[in-house]
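Here the structure comes first, spelled out in structure tokens, and everything after it is commentary.
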Amino acid sequence: MRAKRRARVPRSLRGVEEQLNRQVYLDHAASTPARSEVVEAMLPWLGEHPGNPSGSHRMARDARRAIDDARDAVAALVGMDPGGVVFTSGGTEADNLAVDGVLGDGSGVAVCCAAEHAAVLEPVRESGGVVLPADAGGRIDLGALAETLESVADIRLVSVMAANNETGVVNPVAEVVSLVSERAPDALVHCDAVQATAWLDLADACRGARLVSITGHKFGGPKGAGALVVDGDVPLSPMLRGGGQERERRSGTQNVPAIVGLGRAAELVVVDRGETAVRVAAMRDRLETGLLAAVPGASRTVPDGVGRTPAVAHLCFEGIESEALLFLLEQEGICASAASSCSSGAQDPSHVLAAMGIERSVAAGSLRLSLARATTDADVDRALSVIPGIVERLSAYA
């Protein structure tokens, strides 16, 4: 029996069909695609160059040279010395290493804000450190920081993220550095720049920080490659010991392909970051404005006047549950999230929104739509056409 021929779609409807079948990815804050140039740079190191960079023969030296080139690129991206670059498996390890490495002998106090990423927040809490409140915008409370610097003895580290991973809110890093310098001059400032790298000039945004964390898969690099960049004379106790790699600050055979990819992404992001930020900010604003107009009761999480990166549209829809919203969005081909990728799937609302003072009933209906270089106007159009109807359906059953 002859197979049935697939029905032809009328030419007038083909664009509609393509749009309906198209996956719309709006979760770039969790992970954004690796750029083609990054993949191209990595490929030879996955197959053609097997050398272990700790060896002494030619292939080992080639691998070591490739790592050094990537080290130079990452250092230039952050505005620090190449000798301070410690390659890690990503942002979480870099943040952990910053806190645990500075508190390596088990003494001293670490300080951070309640809206920090869990990779900073948990090590600070576990060390018996101080967790400061956030203001209504989710930024570190500078008044509370000043009081803590005056009243708590032996503060060794103050950690502040350049940009929040859930809301995109930019922290006043310069003011934090100034306060620490004035009131606890022996303390170090660590800046988690994981979410800022794609959007901000890190040399400026993290100026004065002695330790800076980044990870590749937030700005066009590969997953599994990050770095903690350390000011040269900062003592850092290693979490991983053994082979003495990374100047004995992070032992283990280096992941050459991933490090090469991280270095290439670091070179590329600075070339078009400004132009990309302007384009993405316009799409983000159009997305937010459209949803606020189309969905009764929708609210923007971040107050007016609070600085943000261009990447994140963060909204709350009172009376609905994020889990149900995300499920229905996925059925329509839209990938989004409610909180950070590290807490997705959790039943409790985000600790970031709680730190901002947002009521639990409102925070339960949060939605993070995060954009990037790869986002198109068609993606925004699709989200604007789908989300209001889904929220209306869920509201009817609330």
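In the structure tokens, the first chain shown is A, the next is B, and so on; residue numbers restart at 1 for each chain, and ligands run from 1 in the order shown.
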Close residues, range 44-57 of chain A itself excluded, 12 Å, only C-alpha atoms, min 4 positions apart in chain, as a short mmCIF file (atom, residue, chain, number, x, y, z; two decimals) with N, CA and C atoms, in the first residue's frame:
data_model
loop_
_atom_site.label_atom_id
_atom_site.label_comp_id
_atom_site.auth_asym_id
_atom_site.auth_seq_id
_atom_site.Cartn_x
_atom_site.Cartn_y
_atom_site.Cartn_z
N VAL A 38 33.27 29.51 18.96
CA VAL A 38 33.75 28.81 20.15
C VAL A 38 33.83 27.31 19.89
N VAL A 39 32.78 26.77 19.30
CA VAL A 39 32.77 25.34 18.96
C VAL A 39 33.91 25.01 18.01
N GLU A 40 34.12 25.87 17.03
CA GLU A 40 35.19 25.65 16.05
C GLU A 40 36.56 25.65 16.75
N ARG A 61 53.07 20.50 25.52
CA ARG A 61 53.40 21.94 25.48
C ARG A 61 52.37 22.71 24.66
N ASP A 62 51.88 22.10 23.57
CA ASP A 62 50.85 22.75 22.76
C ASP A 62 49.59 22.99 23.59
N ALA A 63 49.21 22.00 24.37
CA ALA A 63 48.02 22.13 25.22
C ALA A 63 48.22 23.22 26.27
N ARG A 64 49.41 23.24 26.85
CA ARG A 64 49.71 24.25 27.87
C ARG A 64 49.69 25.65 27.26
N ARG A 65 50.19 25.77 26.03
CA ARG A 65 50.19 27.07 25.36
C ARG A 65 48.75 27.53 25.07
N ALA A 66 47.89 26.58 24.69
CA ALA A 66 46.49 26.94 24.44
C ALA A 66 45.81 27.42 25.71
N ILE A 67 46.12 26.79 26.82
CA ILE A 67 45.56 27.21 28.10
C ILE A 67 46.07 28.60 28.47
N ASP A 68 47.33 28.85 28.23
CA ASP A 68 47.89 30.17 28.54
C ASP A 68 47.25 31.27 27.68
N GLY A 243 47.73 17.40 42.08
CA GLY A 243 48.75 17.57 41.06
C GLY A 243 49.41 18.94 41.02
N GLY A 244 48.84 19.90 41.72
CA GLY A 244 49.44 21.22 41.78
C GLY A 244 49.16 22.12 40.60
N GLN A 245 48.19 21.75 39.75
CA GLN A 245 47.87 22.61 38.60
C GLN A 245 47.30 23.94 39.08
N GLU A 246 47.22 24.88 38.13
CA GLU A 246 46.70 26.23 38.41
C GLU A 246 47.44 26.86 39.59
N ARG A 247 48.77 26.73 39.57
CA ARG A 247 49.62 27.30 40.62
C ARG A 247 49.22 26.80 42.01
N SER A 251 43.96 21.77 41.78
CA SER A 251 44.61 20.62 41.15
C SER A 251 43.65 19.84 40.27
N GLY A 252 44.23 19.08 39.36
CA GLY A 252 43.46 18.27 38.43
C GLY A 252 43.82 18.63 37.00
N THR A 253 43.83 17.62 36.14
CA THR A 253 44.13 17.86 34.74
C THR A 253 43.15 18.85 34.14
N GLN A 254 43.67 19.89 33.52
CA GLN A 254 42.80 20.93 32.96
C GLN A 254 41.98 20.40 31.79
N ASN A 255 40.76 20.90 31.69
CA ASN A 255 39.85 20.55 30.59
C ASN A 255 40.20 21.46 29.40
N VAL A 256 41.17 21.01 28.61
CA VAL A 256 41.72 21.88 27.57
C VAL A 256 40.65 22.36 26.58
N PRO A 257 39.81 21.48 26.01
CA PRO A 257 38.81 21.98 25.05
C PRO A 257 37.90 23.04 25.65
N ALA A 258 37.42 22.80 26.87
CA ALA A 258 36.51 23.76 27.50
C ALA A 258 37.22 25.07 27.82
N ILE A 259 38.45 24.99 28.28
CA ILE A 259 39.21 26.21 28.59
C ILE A 259 39.47 27.02 27.32
N VAL A 260 39.82 26.32 26.23
CA VAL A 260 40.01 27.01 24.95
C VAL A 260 38.71 27.70 24.53
N GLY A 261 37.57 27.01 24.71
CA GLY A 261 36.28 27.62 24.38
C GLY A 261 35.96 28.82 25.23
#
Which polymer residues have any atom within 9 Å of an atom of Ile390 in chain A, counting only C-alpha atoms, with same-chain residues fewer than 3 positions away left out, as a PyMOL selection string? chain A and resi 325+328-329+386-387+393-395
Go ahead and save the residues from that selection, with C-alpha atoms, as an mmCIF file, in the first residue's frame.
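File produced: part10.cif:
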data_model
loop_
_atom_site.group_PDB
_atom_site.id
_atom_site.type_symbol
_atom_site.label_atom_id
_atom_site.label_comp_id
_atom_site.auth_asym_id
_atom_site.auth_seq_id
_atom_site.Cartn_x
_atom_site.Cartn_y
_atom_site.Cartn_z
ATOM 1 C CA LEU A 325 2.621 28.349 33.853
ATOM 2 C CA LEU A 328 1.826 25.199 29.615
ATOM 3 C CA LEU A 329 4.457 27.459 28.084
ATOM 4 C CA VAL A 386 1.015 33.047 23.935
ATOM 5 C CA ILE A 387 1.612 34.111 27.548
ATOM 6 C CA ARG A 393 -6.610 30.084 31.512
ATOM 7 C CA LEU A 394 -4.792 29.518 34.783
ATOM 8 C CA SER A 395 -6.531 32.445 36.446
#
12 Å contact set for Glu182 in chain A, only C-alpha atoms, chain neighbours under 6 positions out, as a list in words: Leu145, Ala146, Leu149, Glu150, Glu175 and Val176 of chain A
Take the residues from that selection and put them in a file with C-alpha atoms, as a JSON list (two decimals), in the first residue's frame.
[["chain", "number", "residue", "atom", "x", "y", "z"],
["A", 145, "LEU", "CA", 26.90, 46.45, 55.41],
["A", 146, "ALA", "CA", 28.40, 49.58, 56.97],
["A", 149, "LEU", "CA", 31.83, 46.24, 59.00],
["A", 150, "GLU", "CA", 31.95, 48.39, 62.13],
["A", 175, "GLU", "CA", 30.08, 51.50, 46.93],
["A", 176, "VAL", "CA", 30.71, 48.10, 48.53]]
Closest contacts (range 234-309 of chain A/range 163-168 of chain A, max 12 Å, only C-alpha atoms) as a Markdown table:
| residue | atom | partner | partner_atom | distance |
| --- | --- | --- | --- | --- |
| A:Ala281 | CA | A:Gly168 | CA | 11.6 |
| A:Arg284 | CA | A:Gly168 | CA | 11.5 |
| A:Arg300 | CA | A:Thr167 | CA | 10.0 |
| A:Thr301 | CA | A:Thr167 | CA | 7.6 |
| A:Val302 | CA | A:Thr167 | CA | 7.1 |
| A:Pro303 | CA | A:Thr167 | CA | 10.8 |
| A:Val306 | CA | A:Gly168 | CA | 10.0 |
| A:Gly307 | CA | A:Gly168 | CA | 8.4 |
| A:Arg308 | CA | A:Gly168 | CA | 5.1 |
| A:Thr309 | CA | A:Gly168 | CA | 5.2 |
Store the residues picked out above, limited to N, CA and C atoms, as an mmCIF file, in the first residue's frame.
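Output contents, as saved in again11.cif:
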data_model
loop_
_atom_site.group_PDB
_atom_site.id
_atom_site.type_symbol
_atom_site.label_atom_id
_atom_site.label_comp_id
_atom_site.auth_asym_id
_atom_site.auth_seq_id
_atom_site.Cartn_x
_atom_site.Cartn_y
_atom_site.Cartn_z
ATOM 1 N N ALA A 281 18.049 45.043 25.088
ATOM 2 C CA ALA A 281 17.281 45.875 26.013
ATOM 3 C C ALA A 281 15.971 46.336 25.375
ATOM 4 N N ARG A 284 13.656 43.364 25.431
ATOM 5 C CA ARG A 284 13.210 43.122 26.800
ATOM 6 C C ARG A 284 12.125 44.108 27.220
ATOM 7 N N ARG A 300 5.828 43.994 37.425
ATOM 8 C CA ARG A 300 7.256 43.837 37.212
ATOM 9 C C ARG A 300 7.930 43.712 38.559
ATOM 10 N N THR A 301 8.799 42.738 38.701
ATOM 11 C CA THR A 301 9.404 42.443 39.990
ATOM 12 C C THR A 301 10.330 43.558 40.463
ATOM 13 N N VAL A 302 11.107 44.103 39.557
ATOM 14 C CA VAL A 302 12.116 45.099 39.918
ATOM 15 C C VAL A 302 11.490 46.494 39.885
ATOM 16 N N PRO A 303 11.608 47.276 40.958
ATOM 17 C CA PRO A 303 11.021 48.623 40.979
ATOM 18 C C PRO A 303 11.643 49.532 39.923
ATOM 19 N N VAL A 306 15.673 51.072 39.315
ATOM 20 C CA VAL A 306 16.732 50.166 39.747
ATOM 21 C C VAL A 306 17.450 49.640 38.502
ATOM 22 N N GLY A 307 18.761 49.812 38.469
ATOM 23 C CA GLY A 307 19.535 49.409 37.299
ATOM 24 C C GLY A 307 19.536 47.902 37.095
ATOM 25 N N ARG A 308 19.408 47.493 35.832
ATOM 26 C CA ARG A 308 19.397 46.073 35.483
ATOM 27 C C ARG A 308 20.259 45.836 34.256
ATOM 28 N N THR A 309 20.643 44.603 34.062
ATOM 29 C CA THR A 309 21.208 44.222 32.774
ATOM 30 C C THR A 309 20.064 44.157 31.772
#
With only C-alpha atoms as the counted atoms, please give the residues lying no more than 10 Å from Ala118 in chain A, apart from itself and same-chain residues fewer than 2 positions off, as an MDAnalysis selection string. chainID A and resid 92 95:96 114:116 120:125 340 342:343 351:352
Just write the chosen residues, N, CA and C atoms, as a short mmCIF file (atom, residue, chain, number, x, y, z; two decimals), in the first residue's frame.
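Saved the output as selection-v2.cif:
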data_model
loop_
_atom_site.label_atom_id
_atom_site.label_comp_id
_atom_site.auth_asym_id
_atom_site.auth_seq_id
_atom_site.Cartn_x
_atom_site.Cartn_y
_atom_site.Cartn_z
N THR A 92 29.76 27.95 39.98
CA THR A 92 29.54 27.45 41.33
C THR A 92 30.87 27.13 42.01
N ASP A 95 32.73 30.39 42.80
CA ASP A 95 32.18 31.06 43.98
C ASP A 95 32.56 30.33 45.25
N ASN A 96 32.41 29.00 45.25
CA ASN A 96 32.80 28.21 46.42
C ASN A 96 34.26 28.43 46.76
N ALA A 114 21.47 38.46 51.26
CA ALA A 114 20.50 37.37 51.20
C ALA A 114 20.04 37.07 49.78
N ALA A 115 20.28 37.98 48.83
CA ALA A 115 19.87 37.77 47.45
C ALA A 115 20.97 37.17 46.59
N GLU A 116 22.10 36.82 47.19
CA GLU A 116 23.21 36.23 46.43
C GLU A 116 22.82 34.85 45.88
N VAL A 120 27.31 31.22 46.64
CA VAL A 120 27.96 32.10 47.63
C VAL A 120 27.24 32.01 48.96
N LEU A 121 25.93 32.06 48.92
CA LEU A 121 25.11 32.13 50.13
C LEU A 121 25.33 30.92 51.05
N GLU A 122 25.35 29.73 50.46
CA GLU A 122 25.48 28.54 51.30
C GLU A 122 26.86 28.43 51.95
N PRO A 123 27.96 28.65 51.22
CA PRO A 123 29.26 28.62 51.91
C PRO A 123 29.39 29.67 53.01
N VAL A 124 28.81 30.85 52.79
CA VAL A 124 28.87 31.89 53.82
C VAL A 124 28.10 31.43 55.05
N ARG A 125 26.91 30.91 54.85
CA ARG A 125 26.12 30.44 55.99
C ARG A 125 26.81 29.29 56.72
N SER A 340 16.26 30.87 39.38
CA SER A 340 17.54 30.49 38.80
C SER A 340 17.49 29.03 38.37
N CYS A 342 19.42 26.79 39.13
CA CYS A 342 19.81 25.92 40.24
C CYS A 342 18.65 25.62 41.17
N SER A 343 17.56 26.40 41.09
CA SER A 343 16.44 26.18 42.00
C SER A 343 15.16 25.82 41.26
N HIS A 351 14.38 32.53 46.90
CA HIS A 351 14.94 33.25 48.06
C HIS A 351 15.28 34.69 47.68
N VAL A 352 15.53 34.94 46.39
CA VAL A 352 15.81 36.30 45.94
C VAL A 352 14.57 37.18 46.11
#
Interatomic distance, CA of Ser385 in chain A to CA of Gly274 in chain A (Å, one decimal): 28.9 Å
CA of Ala209 in chain A to CA of Ala339 in chain A, straight-line distance in Å: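 Separation between CA of Ala339 in chain A and CA of Ala209 in chain A: 26.7 Å.
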For Val380 in chain A, work out the shell of residues within 10 Å, counting only C-alpha atoms and skipping chain neighbours fewer than 6 positions away, then give it as a PDB file with N, CA and C atoms, in the first residue's frame.
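out.pdb, written as the output of this step:
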ATOM      1  N   VAL A  24      10.915  28.496  21.056  1.00  0.00           N
ATOM      2  CA  VAL A  24      11.336  29.821  21.501  1.00  0.00           C
ATOM      3  C   VAL A  24      12.058  29.656  22.827  1.00  0.00           C
ATOM      4  N   LEU A  26      13.748  31.224  25.898  1.00  0.00           N
ATOM      5  CA  LEU A  26      13.855  32.445  26.697  1.00  0.00           C
ATOM      6  C   LEU A  26      14.353  32.105  28.096  1.00  0.00           C
ATOM      7  N   MET A 283      14.251  44.754  23.071  1.00  0.00           N
ATOM      8  CA  MET A 283      13.343  43.606  23.035  1.00  0.00           C
ATOM      9  C   MET A 283      12.793  43.291  24.418  1.00  0.00           C
ATOM     10  N   ARG A 284      13.656  43.364  25.431  1.00  0.00           N
ATOM     11  CA  ARG A 284      13.210  43.122  26.800  1.00  0.00           C
ATOM     12  C   ARG A 284      12.125  44.108  27.220  1.00  0.00           C
ATOM     13  N   ARG A 286      10.108  45.794  25.265  1.00  0.00           N
ATOM     14  CA  ARG A 286       8.884  45.536  24.498  1.00  0.00           C
ATOM     15  C   ARG A 286       8.130  44.335  25.065  1.00  0.00           C
ATOM     16  N   LEU A 287       8.870  43.328  25.481  1.00  0.00           N
ATOM     17  CA  LEU A 287       8.258  42.136  26.065  1.00  0.00           C
ATOM     18  C   LEU A 287       7.567  42.478  27.378  1.00  0.00           C
ATOM     19  N   GLU A 288       8.260  43.190  28.247  1.00  0.00           N
ATOM     20  CA  GLU A 288       7.670  43.558  29.532  1.00  0.00           C
ATOM     21  C   GLU A 288       6.446  44.453  29.355  1.00  0.00           C
ATOM     22  N   GLY A 290       4.502  44.850  26.819  1.00  0.00           N
ATOM     23  CA  GLY A 290       3.383  44.129  26.210  1.00  0.00           C
ATOM     24  C   GLY A 290       2.676  43.222  27.187  1.00  0.00           C
ATOM     25  N   LEU A 369      11.877  35.556  32.055  1.00  0.00           N
ATOM     26  CA  LEU A 369      12.110  35.434  30.620  1.00  0.00           C
ATOM     27  C   LEU A 369      13.449  36.103  30.346  1.00  0.00           C
ATOM     28  N   LEU A 371      16.755  36.912  27.903  1.00  0.00           N
ATOM     29  CA  LEU A 371      17.111  37.091  26.501  1.00  0.00           C
ATOM     30  C   LEU A 371      18.625  37.124  26.345  1.00  0.00           C
TER      31      LEU A 371
END
Counting only C-alpha atoms, what is within 10 Å of Met161 in chain A, bar same-chain residues fewer than 2 positions away, as a PyMOL selection string? chain A and resi 112-113+115-117+120+139-140+159+163-165+169-173+190-196+206+212-213
Keeping N, CA and C atoms, export the residues of the selection given above as a PDB file, in the first residue's frame.
ATOM      1  N   CYS A 112      27.801  38.336  53.016  1.00  0.00           N
ATOM      2  CA  CYS A 112      27.139  38.476  51.718  1.00  0.00           C
ATOM      3  C   CYS A 112      25.704  38.926  51.939  1.00  0.00           C
ATOM      4  N   CYS A 113      24.992  39.136  50.840  1.00  0.00           N
ATOM      5  CA  CYS A 113      23.594  39.573  50.875  1.00  0.00           C
ATOM      6  C   CYS A 113      22.671  38.359  50.721  1.00  0.00           C
ATOM      7  N   ALA A 115      20.283  37.983  48.833  1.00  0.00           N
ATOM      8  CA  ALA A 115      19.869  37.771  47.446  1.00  0.00           C
ATOM      9  C   ALA A 115      20.970  37.169  46.590  1.00  0.00           C
ATOM     10  N   GLU A 116      22.102  36.817  47.191  1.00  0.00           N
ATOM     11  CA  GLU A 116      23.207  36.227  46.428  1.00  0.00           C
ATOM     12  C   GLU A 116      22.822  34.854  45.881  1.00  0.00           C
ATOM     13  N   HIS A 117      23.580  34.397  44.884  1.00  0.00           N
ATOM     14  CA  HIS A 117      23.417  33.045  44.375  1.00  0.00           C
ATOM     15  C   HIS A 117      23.760  32.055  45.487  1.00  0.00           C
ATOM     16  N   VAL A 120      27.308  31.223  46.644  1.00  0.00           N
ATOM     17  CA  VAL A 120      27.958  32.102  47.628  1.00  0.00           C
ATOM     18  C   VAL A 120      27.238  32.006  48.962  1.00  0.00           C
ATOM     19  N   ARG A 139      19.177  44.593  45.921  1.00  0.00           N
ATOM     20  CA  ARG A 139      20.590  44.943  46.050  1.00  0.00           C
ATOM     21  C   ARG A 139      21.027  44.841  47.505  1.00  0.00           C
ATOM     22  N   ILE A 140      22.314  44.666  47.710  1.00  0.00           N
ATOM     23  CA  ILE A 140      22.838  44.605  49.066  1.00  0.00           C
ATOM     24  C   ILE A 140      22.515  45.899  49.805  1.00  0.00           C
ATOM     25  N   SER A 159      31.277  39.363  49.805  1.00  0.00           N
ATOM     26  CA  SER A 159      30.948  38.902  48.455  1.00  0.00           C
ATOM     27  C   SER A 159      29.696  39.610  47.962  1.00  0.00           C
ATOM     28  N   ALA A 163      25.610  41.296  39.008  1.00  0.00           N
ATOM     29  CA  ALA A 163      24.233  41.323  38.515  1.00  0.00           C
ATOM     30  C   ALA A 163      23.525  40.078  39.008  1.00  0.00           C
ATOM     31  N   ASN A 164      22.291  40.258  39.458  1.00  0.00           N
ATOM     32  CA  ASN A 164      21.549  39.139  40.022  1.00  0.00           C
ATOM     33  C   ASN A 164      21.128  38.149  38.953  1.00  0.00           C
ATOM     34  N   ASN A 165      21.238  36.867  39.265  1.00  0.00           N
ATOM     35  CA  ASN A 165      20.947  35.826  38.293  1.00  0.00           C
ATOM     36  C   ASN A 165      19.466  35.657  38.011  1.00  0.00           C
ATOM     37  N   VAL A 169      19.250  42.578  38.338  1.00  0.00           N
ATOM     38  CA  VAL A 169      19.546  43.807  39.067  1.00  0.00           C
ATOM     39  C   VAL A 169      21.052  43.946  39.276  1.00  0.00           C
ATOM     40  N   VAL A 170      21.556  45.151  39.027  1.00  0.00           N
ATOM     41  CA  VAL A 170      22.980  45.436  39.160  1.00  0.00           C
ATOM     42  C   VAL A 170      23.270  45.972  40.560  1.00  0.00           C
ATOM     43  N   ASN A 171      24.234  45.362  41.229  1.00  0.00           N
ATOM     44  CA  ASN A 171      24.599  45.775  42.583  1.00  0.00           C
ATOM     45  C   ASN A 171      25.583  46.944  42.578  1.00  0.00           C
ATOM     46  N   PRO A 172      25.593  47.727  43.638  1.00  0.00           N
ATOM     47  CA  PRO A 172      26.523  48.869  43.736  1.00  0.00           C
ATOM     48  C   PRO A 172      27.905  48.406  44.185  1.00  0.00           C
ATOM     49  N   VAL A 173      28.607  47.714  43.308  1.00  0.00           N
ATOM     50  CA  VAL A 173      29.899  47.134  43.675  1.00  0.00           C
ATOM     51  C   VAL A 173      30.886  48.210  44.107  1.00  0.00           C
ATOM     52  N   HIS A 190      34.862  39.995  46.957  1.00  0.00           N
ATOM     53  CA  HIS A 190      34.662  39.037  45.870  1.00  0.00           C
ATOM     54  C   HIS A 190      33.435  39.456  45.084  1.00  0.00           C
ATOM     55  N   CYS A 191      33.541  39.409  43.757  1.00  0.00           N
ATOM     56  CA  CYS A 191      32.426  39.783  42.885  1.00  0.00           C
ATOM     57  C   CYS A 191      32.033  38.595  42.012  1.00  0.00           C
ATOM     58  N   ASP A 192      30.825  38.102  42.198  1.00  0.00           N
ATOM     59  CA  ASP A 192      30.270  37.072  41.331  1.00  0.00           C
ATOM     60  C   ASP A 192      29.762  37.783  40.078  1.00  0.00           C
ATOM     61  N   ALA A 193      30.520  37.652  38.979  1.00  0.00           N
ATOM     62  CA  ALA A 193      30.182  38.346  37.731  1.00  0.00           C
ATOM     63  C   ALA A 193      29.584  37.407  36.695  1.00  0.00           C
ATOM     64  N   VAL A 194      29.083  36.263  37.145  1.00  0.00           N
ATOM     65  CA  VAL A 194      28.572  35.234  36.220  1.00  0.00           C
ATOM     66  C   VAL A 194      27.504  35.799  35.299  1.00  0.00           C
ATOM     67  N   GLN A 195      26.534  36.534  35.850  1.00  0.00           N
ATOM     68  CA  GLN A 195      25.435  37.049  35.027  1.00  0.00           C
ATOM     69  C   GLN A 195      25.744  38.404  34.407  1.00  0.00           C
ATOM     70  N   ALA A 196      26.857  38.978  34.762  1.00  0.00           N
ATOM     71  CA  ALA A 196      27.188  40.311  34.248  1.00  0.00           C
ATOM     72  C   ALA A 196      28.062  40.268  33.008  1.00  0.00           C
ATOM     73  N   CYS A 206      33.449  45.525  38.208  1.00  0.00           N
ATOM     74  CA  CYS A 206      34.023  44.832  39.362  1.00  0.00           C
ATOM     75  C   CYS A 206      35.285  45.518  39.880  1.00  0.00           C
ATOM     76  N   VAL A 212      37.093  37.615  41.300  1.00  0.00           N
ATOM     77  CA  VAL A 212      35.963  37.732  40.374  1.00  0.00           C
ATOM     78  C   VAL A 212      35.660  36.355  39.778  1.00  0.00           C
ATOM     79  N   SER A 213      34.387  35.955  39.809  1.00  0.00           N
ATOM     80  CA  SER A 213      33.962  34.666  39.259  1.00  0.00           C
ATOM     81  C   SER A 213      33.225  34.854  37.941  1.00  0.00           C
TER      82      SER A 213
END
